[in-house]
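Please read the structure below before turning to the comments.
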Amino acid sequence: MINKETIETVVEEWLKDNDYFLVDINFGADDRIVIEIDHADGVWIEDCAELSRFLQERLGDELGEYELEVGSAGLGQPFKVAQQYINHIGDTVEVLELGGTKVQGVLKSVDGTNFTVTVKEKQKQEGKKRPVLVDVDKTYAMDGVKYAKYLLAFK
């Protein structure tokens with residue numbers, strides 16, 4: 001019976017010669033193994049097919065009855081690994097805080113397991129009648145939010 005560690009080892013072998021990184025390996029209830037990869041410049045279908053063939057060659061009979069699916073992590077999906085945060089520095093992201101508050105801003109930096117987002121907040125300033133919008137940096141732990149994801153912008 002095949003396990004996640006075996007698949008991860010073979011995927012990492014393929015990844016070392018490519019600019020892709022592993023996002024997730026998921027065993028579905030319907031005997032499906034879903035492997036998500038990502039790349040700073042997007043994922044090409046040809047590369048997904050190449051990784052799938054590589055896995056078939058290396059694992060062959062070990063895959064048994066499992067159906068193998070290799071694809072991208074998805075552009076509007078929540079980030080799962082630190083490299084996804086790094087790839088989106090300078091982009092607009094949406095963060096859902098544990099308390100349920102959604103914040104939108106520009107991903108400013110990533111440091112270990114923390115990331116910083118610059119958001120616009122209304123603040124009362126001395127001498128002004130109305131609050132003004134100012135840039136505020138908010139730092140979060142990657143595992144301290146419900147999700148963070150790239151925010152698609154249609155201009």
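Identifiers for the structure tokens are assigned positionally: chains receive A, B, ... in sequence, residues are indexed from 1 per chain, and ligands are indexed from 1 in the order shown.
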
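Using only C-alpha atoms, the protein and nucleic acid residues lying no more than 6 Å from Leu96 of chain A, apart from those fewer than 3 places from it along its own chain, are Thr101, Lys102, Lys146 and Tyr147 of chain A.
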
Excluding same-chain residues fewer than 4 positions from Val110 of chain A, what lies within 10 Å of it counting only C-alpha atoms, as a ChimeraX atom specification? /A:82-83,85-89,114-117,139-142

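Shortest separation to Pro78 of chain A among A:Glu5, A:Val11, A:Trp44, A:Lys149 occurs at residue A:Lys149, atoms counted being only C-alpha atoms.
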
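Near Glu36 of chain A, within 8 Å and counting only C-alpha atoms, sit Leu22, Val23, Asp24, Ile25, Val34, Asp38, Val70, Gly71, Ser72 and Ala73 of chain A, not including residues fewer than 2 positions from it in the same chain.
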
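Restricting the calculation to only C-alpha atoms, the smallest distance between Gly60 of chain A and any of A:Tyr150, A:Val132, A:Ile7, A:Tyr20 is found for A:Ile7.
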
Run DSSP on the backbone of this structure and report the residues of chain A it assigns to alpha helix (DSSP H), as a ChimeraX atom specification. /A:4-15,45-59,82-87

For Arg53 of chain A, list every protein, DNA or RNA residue within 12 Å, evaluated using only C-alpha atoms, and leave out those in the same chain fewer than 6 positions away; present the list as an MDAnalysis selection string. chainID A and resid 10:11 14 46:47 59:60 68:70

Smallest atom-to-atom distance to Gly42 of chain A: which of A:Gly28, A:Gly64, A:Gly144, A:Gly74, using only C-alpha atoms? A:Gly74

For Leu151 of chain A: contacts at 8 Å, only C-alpha atoms, fewer than 6 positions along chain excluded, given as a PDB file with all heavy atoms, in the first residue's frame:
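Writing the result to result-v9.pdb gives the following:
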```pdb
ATOM      1  N   GLY A  76      -6.707  31.360  -6.998  1.00  0.00           N
ATOM      2  CA  GLY A  76      -7.477  32.029  -5.950  1.00  0.00           C
ATOM      3  C   GLY A  76      -7.631  31.210  -4.688  1.00  0.00           C
ATOM      4  O   GLY A  76      -8.421  31.550  -3.816  1.00  0.00           O
ATOM      5  N   ASP A  91       1.895  41.712  -4.158  1.00  0.00           N
ATOM      6  CA  ASP A  91       0.544  41.521  -4.700  1.00  0.00           C
ATOM      7  C   ASP A  91      -0.499  41.801  -3.623  1.00  0.00           C
ATOM      8  O   ASP A  91      -0.232  41.721  -2.424  1.00  0.00           O
ATOM      9  CB  ASP A  91       0.352  40.076  -5.197  1.00  0.00           C
ATOM     10  CG  ASP A  91       1.198  39.760  -6.416  1.00  0.00           C
ATOM     11  OD1 ASP A  91       1.545  40.697  -7.166  1.00  0.00           O
ATOM     12  OD2 ASP A  91       1.504  38.572  -6.624  1.00  0.00           O
ATOM     13  N   THR A  92      -1.718  42.058  -4.067  1.00  0.00           N
ATOM     14  CA  THR A  92      -2.831  42.245  -3.143  1.00  0.00           C
ATOM     15  C   THR A  92      -3.324  40.880  -2.679  1.00  0.00           C
ATOM     16  O   THR A  92      -3.540  39.981  -3.494  1.00  0.00           O
ATOM     17  CB  THR A  92      -3.975  43.024  -3.816  1.00  0.00           C
ATOM     18  OG1 THR A  92      -3.469  44.288  -4.273  1.00  0.00           O
ATOM     19  CG2 THR A  92      -5.120  43.262  -2.851  1.00  0.00           C
ATOM     20  N   VAL A  93      -3.478  40.743  -1.368  1.00  0.00           N
ATOM     21  CA  VAL A  93      -3.936  39.496  -0.780  1.00  0.00           C
ATOM     22  C   VAL A  93      -5.129  39.757   0.127  1.00  0.00           C
ATOM     23  O   VAL A  93      -5.368  40.890   0.553  1.00  0.00           O
ATOM     24  CB  VAL A  93      -2.818  38.783   0.021  1.00  0.00           C
ATOM     25  CG1 VAL A  93      -1.678  38.354  -0.889  1.00  0.00           C
ATOM     26  CG2 VAL A  93      -2.308  39.646   1.156  1.00  0.00           C
ATOM     27  N   GLU A  94      -5.856  38.685   0.401  1.00  0.00           N
ATOM     28  CA  GLU A  94      -6.947  38.736   1.364  1.00  0.00           C
ATOM     29  C   GLU A  94      -6.583  37.807   2.512  1.00  0.00           C
ATOM     30  O   GLU A  94      -6.146  36.676   2.285  1.00  0.00           O
ATOM     31  CB  GLU A  94      -8.245  38.262   0.708  1.00  0.00           C
ATOM     32  CG  GLU A  94      -9.436  38.226   1.648  1.00  0.00           C
ATOM     33  CD  GLU A  94     -10.690  37.770   0.948  1.00  0.00           C
ATOM     34  OE1 GLU A  94     -11.351  38.625   0.327  1.00  0.00           O
ATOM     35  OE2 GLU A  94     -10.985  36.556   1.015  1.00  0.00           O
TER      36      GLU A  94
END
```

When DSSP works through the backbone of this structure, what residues of chain A end up as strand (DSSP E), shown as a PyMOL selection string? chain A and resi 21-27+32-38+67-72+92-97+102-111+114-123+132-141+145-150

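We find atom CA of Val106 of chain A and atom CA of Ala153 of chain A to be spaced 12.2 Å apart.
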
Contacts of Val134 of chain A at 9 Å (only C-alpha atoms; same-chain gap of 3+ positions) as a ChimeraX atom specification: /A:119-123

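Across the model, the gap from atom CA of Asp111 of chain A to atom CA of Gln77 of chain A is 21.2 Å.
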
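Between Ser109 of chain A and the residues A:Glu12, A:Val43, A:Lys138, A:Glu126, the shortest atom-to-atom distance, using only C-alpha atoms, involves A:Lys138.
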
Calculated over only C-alpha atoms, which of the candidates A:Gly100, A:Arg130, A:Leu51, A:Thr113 has the smallest distance to Gln84 of chain A? A:Thr113

Correct to one decimal, the distance atom CA of Phe21 of chain A-atom CA of His39 of chain A is 6.4 Å
